[in-house]
Each structure stands twice: as C-alpha cells, then as structure tokens.
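The next block holds one structure in the form of structure tokens; read it before the comments.
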Amino acid sequence: MCQTCGCDAETTRTIPVLEGLLAENDRIAARLRDRLDRARVFAVNLMSSPGSGKTRLLEATFAALPPGLRVAVVEGDLETENDADRIRRHGVPAVQITTGVGCHLDATMTADAIARLDLDEVDLLFVENVGNLVCPADFDVGQHRDVVLLSVTEGDDKPAKYPVIFRNADLVVFSKTDLLPHFDDFDPARARRAVDRVRGRGPIVEVSAKTGEGLDAWVDWLLTELRAHRAALDGVAAASSEPDPMRAASA
Ligand SMILES: Nc1nc2c(ncn2[C@@H]2O[C@H](COP(=O)(O)OP(=O)(O)O)[C@@H](O)[C@H]2O)c(=O)[nH]1
Ligand SMILES: [Mg+2]
C-alpha cells in the first residue's frame, strides 16, 4: 500500500498533509528543472502501466536518434537493476532508482539520481517512472514533458478509466501496435477519441518498438520538442541580457 502519495487516504485529516507533501515536491522539482535548464538538458517523463513497453521503446529509440545526441536515463522500479542494465547494454548511461514500496518517483528521488550523471554530457534525459497509471500523475519529477504510453493489450478504455494521467500528457503513445491483429478489440480511432475527451486534441503516435513502425513519428516529436525547449531557453537568456530600454532612455 502506498505510504507516501496518500492514494489510500480516507480521512480529511490526511489532505493537508498530502497538499504539503505535493507543494514541497513541486519546490524540489522546480529547483531540479532549473539545474537541468542551466545544463541545457531536456527531460521527458515516461509513464504507463507496468509492461506497456517503456523500456523497450527507449531501447528502440537510441538507434533512431541522430548521431551525436547524448542521452541518459533514470529508471524507476520497486526492485531490481534490470531496466538500467537493459539501457546500459546500449552504451547509454542509466541510474536505477528502486522505490521499495513506492508506487511513483518523486523529485527528491530523481534529483538524487541525476546527481550521479554528468549533465554536461547529456542533451536528452528520459525518466522512466514506476509502472502505474495513477500515482505518477501527481508527482513532478523535474521533467519538461510528460509522455504516457498505452499498449494495445491494455484496452482502449484506459484513458476514460484513468483520466488524470492522460489529461496532462504532452504526448500519448499507443504502443505494441504490431499486436493489433491479435487484439482486435483495441480500436486506435476509439482510443484517440478517449484521449481527446480527457485531454483535448493533442499529439498521439502509434508505435511498435518491436518492428520499428511509427518510431519516426515518436523521434520527430522528441526532436521538435527538444528544439522548442532550447529555443525557449535561448529566448529567456537573450531577453535577460538585453539592455533595459527604460534605463537606456533615461541615460
Ligand atoms: N510485441 C511487442 N512486444 C513489446 C513491444 N514493446 C514491448 N514489448 C514487450 O512487452 C514486455 C514489457 O516491455 P517493457 O519495455 O519491459 O515494459 P515497461 O514495464 O513499460 O518498461 C516485454 O516482454 C517487451 O519485449 C512491442 O512494441 N511489441
Ligand atoms: Mg521498464
């Protein structure tokens, strides 16, 4: 049972405690995001049910990214180093967080993990959250974008059943699309409508990490968002280095 996020909370007394916990987490996450911005690292938080294909998608992604783009991964699971080991086999630095009983990552955990990476050697950082469609939605981990995977084996009604996590997704990935012929009750059009209903219109890509189908759309989205994020950072830096027009006028 979750000890930290209050998902078992039943009494009103626990609500202020939970709000305080989330506010403190938000403060730590904001500081972490500042640190990532100073290092020009773009961070993507991957969330889904266990087994939806987060790690496999990452493994397929590395080879599809442009050469020279430096990637690192923070992995979250209750136990084992398995996923970090899978990532490292591709020559990509990975730090494993094991949460024990925790059903989500929080900003303290990711900050501690990121402290073990050389941020000057990273352009794109993936945080693979603990497999869970509920609790990770509430906890900022210092990311710039949220991505939610929904595998075709899970059923196309999950966005309606677990709206909170889908509502905040910058991108939704329908994964394991090579299995569609075997799971013909998953209707991608119906799944898209279910996502649109809770989130509004936004990007959705359909990917098979196994066959590589749809991987280009996923990589395009990543690179577009990374470029947009860097342009926004450069815009802020340029604005803050421009002379103050009021001061110049009065000089
Ligand atoms: N057929 C098929 N299997 C997949 C695909 N992606 C992941 N899997 C399998 O689904 C299982 C769970 O994948 P994994 O990446 O570990 O899921 P995670 O728990 O979300 O990280 C593994 O056996 C994967 O090989 C896919 O695109 N197609
Ligand atoms: Mg995994």
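Chain lettering (A, B, ...) mirrors the order of the structure tokens, residue numbering begins at 1 for each chain separately, and ligand numbering begins at 1 in order of display.
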Checklist entry - Do you know which residues are at most 7 Å from Phe166 of chain A counting only C-alpha atoms, after dropping those on the same chain fewer than 6 positions away, and could you put them as a list in words? => result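 That gives Val148, Pro159, Val195, Val198 and Arg199 of chain A.
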For those residues, write N, CA and C atoms to a file as a PDB file, in the first residue's frame.
```pdb
ATOM      1  N   VAL A 148       2.743   9.559 -21.958  1.00  0.00           N
ATOM      2  CA  VAL A 148       2.034   8.406 -21.397  1.00  0.00           C
ATOM      3  C   VAL A 148       1.882   7.348 -22.483  1.00  0.00           C
ATOM      4  N   PRO A 159      -7.904   5.480 -21.117  1.00  0.00           N
ATOM      5  CA  PRO A 159      -7.933   6.943 -20.923  1.00  0.00           C
ATOM      6  C   PRO A 159      -9.194   7.399 -20.182  1.00  0.00           C
ATOM      7  N   VAL A 195      -8.738   9.598 -25.573  1.00  0.00           N
ATOM      8  CA  VAL A 195      -7.686  10.525 -25.122  1.00  0.00           C
ATOM      9  C   VAL A 195      -8.156  11.960 -25.330  1.00  0.00           C
ATOM     10  N   VAL A 198     -10.493  13.376 -22.624  1.00  0.00           N
ATOM     11  CA  VAL A 198      -9.965  13.778 -21.312  1.00  0.00           C
ATOM     12  C   VAL A 198      -8.902  14.868 -21.422  1.00  0.00           C
ATOM     13  N   ARG A 199      -8.173  14.911 -22.530  1.00  0.00           N
ATOM     14  CA  ARG A 199      -7.049  15.856 -22.644  1.00  0.00           C
ATOM     15  C   ARG A 199      -7.336  17.013 -23.582  1.00  0.00           C
TER      16      ARG A 199
END
```
Next on the checklist: Give me, as a PyMOL selection string, the set of residues whose atoms come within 6 Å of any atom of ligand 1, counting only C-alpha atoms and all ligand atoms.
Outcome noted: chain A and resi 50-56+175-176+178-179+208-210
Near Asp77 of chain A, within 10 Å and counting only C-alpha atoms, which residues show up once chain neighbours fewer than 2 positions away are dropped, as an mmCIF file with C-alpha atoms, in the first residue's frame?
```cif
data_model
loop_
_atom_site.group_PDB
_atom_site.id
_atom_site.type_symbol
_atom_site.label_atom_id
_atom_site.label_comp_id
_atom_site.auth_asym_id
_atom_site.auth_seq_id
_atom_site.Cartn_x
_atom_site.Cartn_y
_atom_site.Cartn_z
ATOM 1 C CA PRO A 50 3.805 -1.911 -15.889
ATOM 2 C CA GLU A 75 14.914 4.218 -14.282
ATOM 3 C CA GLU A 79 13.094 -3.521 -7.114
ATOM 4 C CA THR A 80 15.964 -4.731 -9.350
ATOM 5 C CA GLU A 81 18.550 -3.084 -11.580
ATOM 6 C CA ASN A 82 17.099 -4.894 -14.616
ATOM 7 C CA ASP A 83 15.914 -1.917 -16.653
ATOM 8 C CA ALA A 84 19.062 0.153 -16.049
ATOM 9 C CA GLN A 96 18.343 2.918 -11.359
ATOM 10 C CA ILE A 97 16.060 4.095 -8.559
ATOM 11 C CA THR A 98 14.426 1.340 -6.530
ATOM 12 C CA THR A 99 11.483 2.681 -4.566
ATOM 13 C CA GLY A 100 10.850 -0.407 -2.399
ATOM 14 C CA VAL A 101 7.118 0.026 -1.797
ATOM 15 C CA GLY A 102 6.796 3.427 -3.506
ATOM 16 C CA CYS A 103 4.382 3.447 -6.432
ATOM 17 C CA HIS A 104 5.850 6.541 -8.157
ATOM 18 C CA LEU A 105 9.021 8.598 -8.399
ATOM 19 C CA GLU A 128 11.113 6.049 -16.795
ATOM 20 C CA ASN A 129 8.614 6.300 -13.967
ATOM 21 C CA VAL A 130 7.350 3.379 -11.886
ATOM 22 C CA GLY A 131 4.726 1.412 -13.817
#
```
Item to check | DSSP-assigned strand (DSSP E) among segment 32-216 of chain A, expressed as a ChimeraX atom specification | outcome: /A:42-47,71-77,94-98,124-128,145-151,171-175,204-207
With only C-alpha atoms as the counted atoms, please give the residues lying no more than 12 Å from His90 of chain A, apart from itself and same-chain residues fewer than 5 positions off, as a compact mmCIF listing (two decimals) with C-alpha atoms, in the first residue's frame.
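Dumped to around.txt:
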```
# COMPACT_ATOMS: atom_id res chain seq x y z
CA THR A 55 11.97 0.33 -21.58
CA ARG A 56 11.62 -1.42 -24.92
CA LEU A 58 13.73 3.52 -25.10
CA GLU A 59 15.89 0.67 -26.37
CA ALA A 60 14.45 1.10 -29.86
CA THR A 61 14.79 4.88 -29.69
CA PHE A 62 18.53 5.14 -29.09
CA ALA A 63 19.50 3.90 -32.56
CA VAL A 71 21.07 10.52 -23.99
CA ALA A 72 20.80 9.34 -20.39
CA VAL A 73 18.09 7.50 -18.50
CA ASP A 83 15.91 -1.92 -16.65
CA ALA A 84 19.06 0.15 -16.05
CA ASP A 85 21.08 -2.87 -17.17
```
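Excluding Pro203 of chain A itself and any same-chain residue fewer than 4 positions from it, the protein and nucleic acid residues within 10 Å of it, counting only C-alpha atoms, are Ala169, Asp170, Leu171, Val172, Val173, Arg192, Val195, Asp196, Trp218 and Trp221 of chain A.
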Store the residues picked out above in a file with N, CA and C atoms, as a short mmCIF file (atom, residue, chain, number, x, y, z; two decimals), in the first residue's frame.
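Heads up, here's the output in part.cif:
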```cif
data_model
loop_
_atom_site.label_atom_id
_atom_site.label_comp_id
_atom_site.auth_asym_id
_atom_site.auth_seq_id
_atom_site.Cartn_x
_atom_site.Cartn_y
_atom_site.Cartn_z
N ALA A 169 -0.89 14.62 -20.33
CA ALA A 169 0.15 14.10 -21.23
C ALA A 169 0.42 15.08 -22.37
N ASP A 170 1.70 15.41 -22.58
CA ASP A 170 2.06 16.21 -23.75
C ASP A 170 2.00 15.34 -25.00
N LEU A 171 2.28 14.06 -24.82
CA LEU A 171 2.19 13.10 -25.93
C LEU A 171 1.66 11.79 -25.38
N VAL A 172 0.76 11.16 -26.14
CA VAL A 172 0.32 9.80 -25.81
C VAL A 172 0.85 8.86 -26.88
N VAL A 173 1.43 7.76 -26.44
CA VAL A 173 1.98 6.76 -27.36
C VAL A 173 1.13 5.50 -27.25
N ARG A 192 -8.11 7.08 -29.60
CA ARG A 192 -7.81 8.50 -29.84
C ARG A 192 -8.94 9.38 -29.31
N VAL A 195 -8.74 9.60 -25.57
CA VAL A 195 -7.69 10.52 -25.12
C VAL A 195 -8.16 11.96 -25.33
N ASP A 196 -8.71 12.24 -26.51
CA ASP A 196 -9.17 13.61 -26.82
C ASP A 196 -10.20 14.08 -25.80
N TRP A 218 7.59 9.28 -33.36
CA TRP A 218 7.99 9.46 -31.95
C TRP A 218 9.30 10.26 -31.87
N TRP A 221 8.76 13.86 -32.81
CA TRP A 221 8.15 14.63 -31.70
C TRP A 221 9.23 15.01 -30.68
#
```
Checklist outcome for this item: Shortest contact to Thr110 of chain A, candidates A:Pro67, A:Pro136, A:Pro93, A:Gly76, atoms counted only C-alpha atoms, goes to A:Gly76
Next on the checklist: Please extract the residues of segment 1-250 of chain A with a backbone DSSP assignment of helix (DSSP H, G or I) and present them as a PyMOL selection string.
Outcome noted: chain A and resi 14-38+54-64+82-88+107-114+119-121+135-138+152-154+158-161+163-167+177-179+188-199+215-241+245-250
Item to check | Best match for closeness to Leu18 of chain A among A:Asp138, A:Pro188, A:Gly214, A:Met47, counting only C-alpha atoms | outcome: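 Of A:Asp138, A:Pro188, A:Gly214, A:Met47, the one nearest Leu18 of chain A is A:Asp138, counting only C-alpha atoms.
Closest to ligand 2 among A:Arg86, A:Arg70, A:Arg31, A:Lys158 is A:Arg86, based on only C-alpha atoms and all ligand atoms.
Atom CA of Phe186 of chain A is positioned 5.6 Å from atom CA of Gly155 of chain A.
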Checklist entry - Using only C-alpha atoms and all ligand atoms, which of the listed residues (A:Phe126, A:Tyr162, A:Phe139, A:Phe183) sits closest to ligand 2? => result A:Phe126
Item to check | Who sits within 12 Å of segment 231-240 of chain A, only C-alpha atoms, same chain under 2 positions skipped, as a list in words | outcome: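 Residues meeting the cut-off are Arg33, Asp34, Leu36, Asp37, Arg38, Ala39, Arg40, Val41, Phe42, His144, Thr224, Glu225, Leu226, Arg227, Ala228, His229, Glu242, Pro243, Asp244 and Pro245 of chain A.
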Could you take the residues named above and write them with N, CA and C atoms, as a PDB file, in the first residue's frame?
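In the end it all went to out.pdb:
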```pdb
ATOM      1  N   ARG A  33      14.531  21.371 -12.188  1.00  0.00           N
ATOM      2  CA  ARG A  33      14.325  21.813 -13.588  1.00  0.00           C
ATOM      3  C   ARG A  33      15.266  22.971 -13.918  1.00  0.00           C
ATOM      4  N   ASP A  34      15.466  23.875 -12.953  1.00  0.00           N
ATOM      5  CA  ASP A  34      16.427  24.975 -13.156  1.00  0.00           C
ATOM      6  C   ASP A  34      17.821  24.427 -13.429  1.00  0.00           C
ATOM      7  N   LEU A  36      18.581  21.497 -14.623  1.00  0.00           N
ATOM      8  CA  LEU A  36      18.587  20.875 -15.955  1.00  0.00           C
ATOM      9  C   LEU A  36      18.663  21.963 -17.033  1.00  0.00           C
ATOM     10  N   ASP A  37      17.946  23.055 -16.831  1.00  0.00           N
ATOM     11  CA  ASP A  37      17.939  24.139 -17.828  1.00  0.00           C
ATOM     12  C   ASP A  37      19.325  24.772 -17.947  1.00  0.00           C
ATOM     13  N   ARG A  38      19.968  24.949 -16.801  1.00  0.00           N
ATOM     14  CA  ARG A  38      21.316  25.535 -16.871  1.00  0.00           C
ATOM     15  C   ARG A  38      22.258  24.639 -17.656  1.00  0.00           C
ATOM     16  N   ALA A  39      22.052  23.333 -17.568  1.00  0.00           N
ATOM     17  CA  ALA A  39      22.889  22.373 -18.308  1.00  0.00           C
ATOM     18  C   ALA A  39      22.330  22.093 -19.706  1.00  0.00           C
ATOM     19  N   ARG A  40      21.213  22.734 -20.058  1.00  0.00           N
ATOM     20  CA  ARG A  40      20.545  22.541 -21.351  1.00  0.00           C
ATOM     21  C   ARG A  40      20.154  21.085 -21.594  1.00  0.00           C
ATOM     22  N   VAL A  41      19.687  20.463 -20.518  1.00  0.00           N
ATOM     23  CA  VAL A  41      19.213  19.071 -20.609  1.00  0.00           C
ATOM     24  C   VAL A  41      17.689  19.094 -20.706  1.00  0.00           C
ATOM     25  N   PHE A  42      17.159  18.381 -21.686  1.00  0.00           N
ATOM     26  CA  PHE A  42      15.705  18.301 -21.894  1.00  0.00           C
ATOM     27  C   PHE A  42      15.224  16.970 -21.301  1.00  0.00           C
ATOM     28  N   HIS A 144      10.418  18.234 -18.340  1.00  0.00           N
ATOM     29  CA  HIS A 144       9.879  19.284 -19.213  1.00  0.00           C
ATOM     30  C   HIS A 144       8.648  18.803 -19.963  1.00  0.00           C
ATOM     31  N   THR A 224      11.520  17.741 -32.106  1.00  0.00           N
ATOM     32  CA  THR A 224      10.806  19.022 -32.219  1.00  0.00           C
ATOM     33  C   THR A 224      10.665  19.672 -30.847  1.00  0.00           C
ATOM     34  N   GLU A 225      10.309  18.866 -29.852  1.00  0.00           N
ATOM     35  CA  GLU A 225      10.118  19.411 -28.503  1.00  0.00           C
ATOM     36  C   GLU A 225      11.449  19.850 -27.901  1.00  0.00           C
ATOM     37  N   LEU A 226      12.492  19.090 -28.161  1.00  0.00           N
ATOM     38  CA  LEU A 226      13.816  19.468 -27.645  1.00  0.00           C
ATOM     39  C   LEU A 226      14.252  20.808 -28.235  1.00  0.00           C
ATOM     40  N   ARG A 227      14.047  20.945 -29.560  1.00  0.00           N
ATOM     41  CA  ARG A 227      14.427  22.207 -30.218  1.00  0.00           C
ATOM     42  C   ARG A 227      13.588  23.361 -29.676  1.00  0.00           C
ATOM     43  N   ALA A 228      12.291  23.120 -29.493  1.00  0.00           N
ATOM     44  CA  ALA A 228      11.407  24.187 -28.981  1.00  0.00           C
ATOM     45  C   ALA A 228      11.837  24.583 -27.572  1.00  0.00           C
ATOM     46  N   HIS A 229      12.201  23.597 -26.781  1.00  0.00           N
ATOM     47  CA  HIS A 229      12.616  23.890 -25.405  1.00  0.00           C
ATOM     48  C   HIS A 229      13.891  24.722 -25.407  1.00  0.00           C
ATOM     49  N   GLU A 242      19.460  41.591 -22.734  1.00  0.00           N
ATOM     50  CA  GLU A 242      19.248  42.843 -23.458  1.00  0.00           C
ATOM     51  C   GLU A 242      19.299  44.026 -22.496  1.00  0.00           C
ATOM     52  N   PRO A 243      19.851  45.191 -22.926  1.00  0.00           N
ATOM     53  CA  PRO A 243      19.845  46.345 -22.034  1.00  0.00           C
ATOM     54  C   PRO A 243      18.413  46.760 -21.721  1.00  0.00           C
ATOM     55  N   ASP A 244      18.188  47.216 -20.521  1.00  0.00           N
ATOM     56  CA  ASP A 244      16.863  47.661 -20.113  1.00  0.00           C
ATOM     57  C   ASP A 244      16.506  48.936 -20.881  1.00  0.00           C
ATOM     58  N   PRO A 245      15.469  48.912 -21.765  1.00  0.00           N
ATOM     59  CA  PRO A 245      15.164  50.071 -22.615  1.00  0.00           C
ATOM     60  C   PRO A 245      14.818  51.314 -21.775  1.00  0.00           C
TER      61      PRO A 245
END
```
